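**Student:** File follows, query06.tsv with TSV, C-alpha atoms and all ligand atoms:
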chain	number	residue	atom	x	y	z
A	1	MET	CA	14.37	-14.57	2.21
A	2	SER	CA	15.89	-17.75	3.68
A	3	ILE	CA	17.81	-20.13	1.38
A	4	PHE	CA	14.90	-22.58	1.54
A	5	THR	CA	12.41	-19.87	0.54
A	6	LYS	CA	14.71	-18.82	-2.32
A	7	PHE	CA	14.88	-22.38	-3.66
A	8	LYS	CA	11.12	-22.76	-3.33
A	9	PHE	CA	10.61	-19.50	-5.24
A	10	ALA	CA	13.10	-20.56	-7.96
A	11	ALA	CA	11.38	-23.94	-8.38
A	12	LYS	CA	7.99	-22.26	-8.74
A	13	HIS	CA	9.17	-19.40	-10.98
A	14	PRO	CA	12.22	-20.58	-12.98
A	15	ILE	CA	11.85	-17.95	-15.74
A	16	ILE	CA	11.55	-15.09	-13.25
A	17	THR	CA	14.61	-16.44	-11.43
A	18	ILE	CA	16.61	-16.55	-14.69
A	19	LYS	CA	15.51	-12.98	-15.48
A	20	TYR	CA	16.72	-11.93	-12.03
A	21	LEU	CA	20.05	-13.72	-12.45
A	22	LEU	CA	20.47	-11.98	-15.82
A	23	GLY	CA	20.17	-8.61	-14.11
A	24	ASP	CA	16.45	-7.80	-14.03
A	25	GLU	CA	16.55	-6.78	-10.37
A	26	LYS	CA	12.84	-6.05	-10.11
A	27	ALA	CA	11.63	-9.36	-11.59
A	28	VAL	CA	11.45	-11.18	-8.24
A	29	TYR	CA	9.82	-8.25	-6.47
A	30	TYR	CA	7.11	-7.95	-9.14
A	31	GLN	CA	6.44	-11.70	-9.04
A	32	LYS	CA	6.20	-11.71	-5.24
A	33	ARG	CA	3.78	-8.81	-5.44
A	34	ARG	CA	1.62	-10.75	-7.94
A	35	ASP	CA	1.78	-13.91	-5.78
A	36	ASN	CA	0.78	-11.92	-2.72
A	37	ILE	CA	-2.27	-10.50	-4.50
A	38	ASN	CA	-3.26	-13.84	-6.08
A	39	ASN	CA	-3.03	-15.62	-2.72
A	40	ALA	CA	-5.14	-12.98	-1.00
A	41	ILE	CA	-7.78	-13.00	-3.70
A	42	LYS	CA	-7.97	-16.78	-3.59
A	43	SER	CA	-8.26	-16.94	0.19
A	44	LEU	CA	-10.90	-14.21	0.21
A	45	GLY	CA	-12.88	-16.07	-2.46
A	46	ILE	CA	-12.94	-13.09	-4.82
A	47	ARG	CA	-13.72	-14.22	-8.35
A	48	LYS	CA	-13.53	-10.92	-10.19
A	49	ARG	CA	-10.08	-10.04	-11.50
A	50	ILE	CA	-8.40	-7.15	-13.20
A	51	ASN	CA	-4.96	-7.32	-14.79
A	52	ILE	CA	-2.49	-7.08	-11.89
A	53	ASN	CA	0.45	-5.78	-13.95
A	54	GLU	CA	-1.52	-3.03	-15.68
A	55	CYS	CA	-3.15	-2.03	-12.42
A	56	LEU	CA	0.11	-1.83	-10.47
A	57	ILE	CA	2.15	-0.13	-13.19
A	58	GLN	CA	-0.37	2.72	-13.08
A	59	LEU	CA	-0.15	2.71	-9.28
A	60	ASP	CA	3.67	2.79	-9.22
A	61	ARG	CA	3.68	5.78	-11.55
A	62	ASN	CA	1.30	7.74	-9.32
A	63	ILE	CA	2.39	6.77	-5.84
A	64	ILE	CA	6.10	5.90	-5.68
A	65	PRO	CA	7.30	9.50	-6.20
A	66	ILE	CA	5.00	10.69	-3.36
A	67	ILE	CA	6.30	8.02	-0.98
A	68	GLU	CA	9.94	8.63	-1.88
A	69	LYS	CA	9.51	12.33	-1.21
A	70	ALA	CA	7.85	11.54	2.14
A	71	LEU	CA	10.68	9.20	3.14
A	72	ASP	CA	13.19	11.94	2.33
A	73	ILE	CA	11.38	14.13	4.86
A	74	TYR	CA	10.80	11.42	7.45
A	75	LYS	CA	12.22	7.91	7.31
A	76	ASN	CA	9.59	6.53	9.73
A	77	ALA	CA	6.74	7.62	7.45
A	78	ASP	CA	6.19	3.99	6.46
A	79	PRO	CA	6.43	1.93	9.68
A	80	SER	CA	4.58	-1.08	8.28
A	81	SER	CA	6.27	-1.21	4.85
A	82	MET	CA	2.98	-0.53	3.07
A	83	ARG	CA	4.97	0.54	0.04
A	84	PHE	CA	6.29	-2.91	-0.83
A	85	TYR	CA	3.41	-5.36	-0.68
A	86	LYS	CA	0.58	-4.42	1.66
A	87	GLY	CA	-0.25	-1.13	-0.03
A	88	HIS	CA	-0.40	-2.76	-3.46
A	89	LEU	CA	-2.71	-5.44	-2.13
A	90	LEU	CA	-4.92	-2.80	-0.53
A	91	TYR	CA	-4.99	-0.86	-3.80
A	92	TYR	CA	-5.81	-3.95	-5.89
A	93	LEU	CA	-8.58	-5.13	-3.54
A	94	ILE	CA	-10.26	-1.73	-3.66
A	95	ARG	CA	-9.96	-1.61	-7.45
A	96	VAL	CA	-11.63	-5.03	-7.71
A	97	ILE	CA	-14.28	-4.74	-4.98
A	98	LYS	CA	-15.14	-1.09	-5.72
A	99	PRO	CA	-16.50	-0.34	-2.23
A	100	ALA	CA	-18.76	2.65	-1.60
A	101	ILE	CA	-17.26	3.19	1.86
A	102	VAL	CA	-13.83	2.38	3.32
A	103	VAL	CA	-13.11	2.86	7.05
A	104	GLU	CA	-9.51	3.17	8.24
A	105	THR	CA	-8.39	3.24	11.88
A	106	GLY	CA	-4.83	4.43	12.42
A	107	VAL	CA	-3.49	6.81	9.78
A	108	ALA	CA	-0.14	8.08	11.10
A	109	SER	CA	1.69	9.69	8.16
A	110	GLY	CA	-0.94	8.37	5.75
A	111	ILE	CA	0.87	5.87	3.53
A	112	SER	CA	-1.97	3.33	3.64
A	113	SER	CA	-4.51	6.15	3.19
A	114	LEU	CA	-2.57	7.11	0.07
A	115	PHE	CA	-3.06	3.64	-1.48
A	116	ILE	CA	-6.74	3.57	-0.49
A	117	LEU	CA	-7.39	7.06	-1.85
A	118	GLN	CA	-5.55	6.40	-5.09
A	119	ALA	CA	-7.71	3.29	-5.62
A	120	LEU	CA	-10.94	5.21	-4.90
A	121	ASN	CA	-9.75	7.95	-7.23
A	122	ASP	CA	-8.99	5.43	-10.01
A	123	ASN	CA	-12.39	3.76	-9.44
A	124	ASP	CA	-13.98	7.21	-9.60
A	125	TYR	CA	-16.23	5.95	-6.82
A	126	GLY	CA	-16.24	5.54	-3.03
A	127	HIS	CA	-15.34	7.47	0.13
A	128	LEU	CA	-12.73	6.97	2.88
A	129	TYR	CA	-13.51	7.64	6.55
A	130	SER	CA	-10.33	7.70	8.65
A	131	ILE	CA	-9.77	7.98	12.40
A	132	ASP	CA	-6.44	8.48	14.14
A	133	LEU	CA	-5.08	9.00	17.64
A	134	PRO	CA	-1.81	10.69	16.69
A	135	ASN	CA	1.41	9.47	18.27
A	136	VAL	CA	-0.08	6.81	20.56
A	137	GLU	CA	2.42	4.36	19.06
A	138	PRO	CA	6.08	5.40	19.35
A	139	LYS	CA	7.05	3.48	16.19
A	140	SER	CA	4.51	5.33	14.08
A	141	SER	CA	5.01	8.82	15.45
A	142	LEU	CA	4.77	11.86	13.20
A	143	PRO	CA	7.64	14.17	12.27
A	144	SER	CA	7.65	17.27	14.41
A	145	GLY	CA	5.34	19.95	13.02
A	146	TYR	CA	3.43	17.59	10.70
A	147	ASP	CA	-0.22	16.53	11.06
A	148	PRO	CA	-1.60	12.99	10.68
A	149	GLY	CA	-2.02	12.18	7.00
A	150	TRP	CA	0.60	14.74	5.94
A	151	VAL	CA	1.76	12.49	3.09
A	152	ILE	CA	-1.63	12.62	1.31
A	153	PRO	CA	-1.59	15.09	-1.57
A	154	GLU	CA	-4.36	17.68	-1.91
A	155	ASN	CA	-5.79	16.14	-5.09
A	156	LEU	CA	-6.68	12.91	-3.24
A	157	ARG	CA	-8.27	14.49	-0.16
A	158	GLY	CA	-11.62	15.22	-1.81
A	159	VAL	CA	-13.09	11.80	-1.00
A	160	MET	CA	-11.72	11.62	2.54
A	161	ASP	CA	-13.25	12.47	5.94
A	162	PHE	CA	-10.62	12.50	8.64
A	163	ASN	CA	-11.08	12.64	12.43
A	164	THR	CA	-8.28	13.00	14.96
A	165	ARG	CA	-8.51	13.78	18.64
B	201	LIG	C1	1.10	1.61	12.39
B	201	LIG	S1	0.33	3.16	12.39
B	201	LIG	C2	-0.64	3.22	10.99
B	201	LIG	C3	0.12	3.30	9.80
B	201	LIG	C4	-0.69	3.53	8.55
B	201	LIG	N1	-1.91	2.75	8.52
B	201	LIG	C5	0.20	3.21	7.37
B	201	LIG	O1	0.35	2.05	7.05
B	201	LIG	O2	0.80	4.13	6.82
B	201	LIG	C6	-0.92	3.00	13.61
B	201	LIG	C7	-1.67	4.28	13.88
B	201	LIG	O3	-2.84	3.96	14.63
B	201	LIG	C8	-3.03	4.96	15.62
B	201	LIG	N2	-3.86	4.36	16.67
B	201	LIG	C9	-3.51	3.50	17.64
B	201	LIG	N3	-4.57	3.17	18.41
B	201	LIG	C10	-5.63	3.82	17.88
B	201	LIG	C11	-7.02	3.90	18.19
B	201	LIG	N4	-7.50	3.22	19.24
B	201	LIG	N5	-7.83	4.66	17.44
B	201	LIG	C12	-7.33	5.35	16.40
B	201	LIG	N6	-6.03	5.33	16.03
B	201	LIG	C13	-5.19	4.58	16.77
B	201	LIG	C14	-1.61	5.30	16.02
B	201	LIG	O4	-1.49	6.55	16.61
B	201	LIG	C15	-0.92	5.30	14.67
B	201	LIG	O5	-1.06	6.57	14.06
Could I get this structure in the form of structure tokens?
Ligand SMILES: C[S@@+](CC[C@H](N)C(=O)[O-])C[C@H]1O[C@@H](n2cnc3c(N)ncnc32)[C@H](O)[C@@H]1O
**Tutor:**
Amino acid sequence: MSIFTKFKFAAKHPIITIKYLLGDEKAVYYQKRRDNINNAIKSLGIRKRININECLIQLDRNIIPIIEKALDIYKNADPSSMRFYKGHLLYYLIRVIKPAIVVETGVASGISSLFILQALNDNDYGHLYSIDLPNVEPKSSLPSGYDPGWVIPENLRGVMDFNTR
């Protein structure tokens, strides 16, 4: 964050900033995550809402340990930083929209698939169709000996169809 962005954030969220300065290290991250979701929902014109905090606390509990374990095995498992903001947005949108079908192109290790599948699982509805051309992008290559989507745990694979060539 640049100094200007920090000041802008502090002016918009003085209480969160005070919490952060008093040692609540996660306060700013959680607020940025909420802002990110609120902005996306507004720009997509989605009216339906569910409680962001409750929704993401449940998500953190389920997903963070899986991602941390994956990053211990392979530090490039998350090339697009899905774990910080994008994955949570993906999860929230699927929880709100409750789609019957989700199509994903480009799986790599499967971090984004993990967020999508966890949302479908928590909705108890919907199916994910994923396609991947493994290792066509050097930055999102797989660890040697691992298949595309290796991060996805067995219990979430039931609502997934996965094609690789
Ligand atoms: C940035 S990675 C995806 C990362 C993943 N979505 C995540 O966030 O964890 C992009 C993936 O798309 C795959 N890919 C690139 N071109 C593709 C294509 N034309 N069809 C299918 N997959 C493709 C790459 O091999 C790579 O696995």
**Student:** Could you pull out the residues sitting within 8 Å of ligand LIG 201 (chain B), using all atoms listed in the file, and write them as a PyMOL selection string?
**Tutor:** chain A and resi 77-82+87+104-113+131-137+139-142+148+164
**Student:** Skip range 60-65 of chain A itself and residues of its chain fewer than 5 positions away, then list as a list in words all residues within 9 Å of it, counting only C-alpha atoms.
**Tutor:**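 Counting only C-alpha atoms, the residues come to Cys55, Ala70, Arg83, His88, Leu114, Phe115 and Gln118 of chain A.
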**Student:** Just the number, please: distance in Å from CA of Gly126 in chain A to CA of Glu154 in chain A, one decimal.
**Tutor:**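 The value is 17.0 Å.
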**Student:** For range 1-11 of chain A, work out the shell of residues within 10 Å, counting all atoms listed in the file and skipping chain neighbours fewer than 6 positions away, then give it as number ranges by chain.
**Tutor:** A: 17-18, 28, 31-32
**Student:** Quick one: distance from CA of Asn36 in chain A to CA of Val102 in chain A in Å, one decimal?
**Tutor:** 21.3 Å
**Student:** So how far away is CA of Ala100 in chain A from CA of Val159 in chain A, in Å?
**Tutor:**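 Going from CA of Val159 in chain A over to CA of Ala100 in chain A covers 10.8 Å.
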**Student:** Counting only C-alpha atoms, which of A:Leu44, A:Ile73, A:Ala27, A:Ile94 gets nearest to Gly145 in chain A?
**Tutor:** A:Ile73
**Student:** Out of A:Trp150, A:Ser130, A:Lys26, A:Leu89, which residue has the shortest atom-to-atom distance to Ala40 in chain A when counting all atoms listed in the file?
**Tutor:**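 So, comparing all the options, the nearest one is A:Leu89.
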**Student:** Restricting the calculation to all atoms listed in the file: of A:Glu54, A:Pro143, A:Leu120, A:Arg157, which residue gets closest to Leu71 in chain A?
**Tutor:**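 Among A:Glu54, A:Pro143, A:Leu120, A:Arg157, it is A:Pro143 that comes nearest to Leu71 in chain A.
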**Student:** Using all atoms listed in the file, which of A:Tyr85, A:Tyr129, A:Tyr30, A:Tyr74 sits nearest Phe162 in chain A?
**Tutor:**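 Ranked by minimum distance to Phe162 in chain A, first place goes to A:Tyr129.
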**Student:** My list of candidates is A:Arg33, A:Ile16, A:Asn155, A:Asn163. Which is closest to Lys86 in chain A when distances are computed with only C-alpha atoms?
**Tutor:**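 Of A:Arg33, A:Ile16, A:Asn155, A:Asn163, the one nearest Lys86 in chain A is A:Arg33, counting only C-alpha atoms.
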**Student:** Can you spit out range 104-118 of chain A with N, CA and C atoms, as a compact mmCIF listing (two decimals), in the first residue's frame, from the structure just given?
**Tutor:**
# COMPACT_ATOMS: atom_id res chain seq x y z
N GLU A 104 -14.76 -23.50 -14.99
CA GLU A 104 -13.45 -22.91 -14.67
C GLU A 104 -12.44 -23.34 -15.74
N THR A 105 -11.76 -22.37 -16.35
CA THR A 105 -10.67 -22.72 -17.27
C THR A 105 -9.36 -22.35 -16.60
N GLY A 106 -8.46 -23.29 -16.49
CA GLY A 106 -7.16 -23.04 -15.87
C GLY A 106 -7.20 -23.37 -14.39
N VAL A 107 -6.76 -24.54 -14.03
CA VAL A 107 -6.87 -25.02 -12.65
C VAL A 107 -5.52 -24.95 -11.93
N ALA A 108 -4.47 -25.35 -12.62
CA ALA A 108 -3.13 -25.46 -12.01
C ALA A 108 -3.22 -26.29 -10.73
N SER A 109 -2.70 -25.78 -9.62
CA SER A 109 -2.73 -26.59 -8.39
C SER A 109 -4.15 -26.75 -7.85
N GLY A 110 -5.01 -25.76 -8.13
CA GLY A 110 -6.41 -25.92 -7.73
C GLY A 110 -6.85 -25.04 -6.58
N ILE A 111 -6.12 -23.93 -6.36
CA ILE A 111 -6.51 -23.07 -5.24
C ILE A 111 -7.87 -22.41 -5.52
N SER A 112 -8.06 -21.89 -6.74
CA SER A 112 -9.37 -21.27 -7.01
C SER A 112 -10.47 -22.33 -7.02
N SER A 113 -10.16 -23.52 -7.54
CA SER A 113 -11.15 -24.61 -7.52
C SER A 113 -11.58 -24.90 -6.08
N LEU A 114 -10.61 -24.81 -5.18
CA LEU A 114 -10.89 -25.08 -3.76
C LEU A 114 -11.95 -24.11 -3.22
N PHE A 115 -11.80 -22.81 -3.53
CA PHE A 115 -12.79 -21.82 -3.07
C PHE A 115 -14.15 -22.07 -3.72
N ILE A 116 -14.13 -22.39 -5.01
CA ILE A 116 -15.40 -22.63 -5.72
C ILE A 116 -16.09 -23.85 -5.12
N LEU A 117 -15.33 -24.92 -4.94
CA LEU A 117 -15.91 -26.17 -4.44
C LEU A 117 -16.40 -26.04 -3.01
N GLN A 118 -15.66 -25.28 -2.20
CA GLN A 118 -16.11 -25.09 -0.82
C GLN A 118 -17.44 -24.33 -0.81
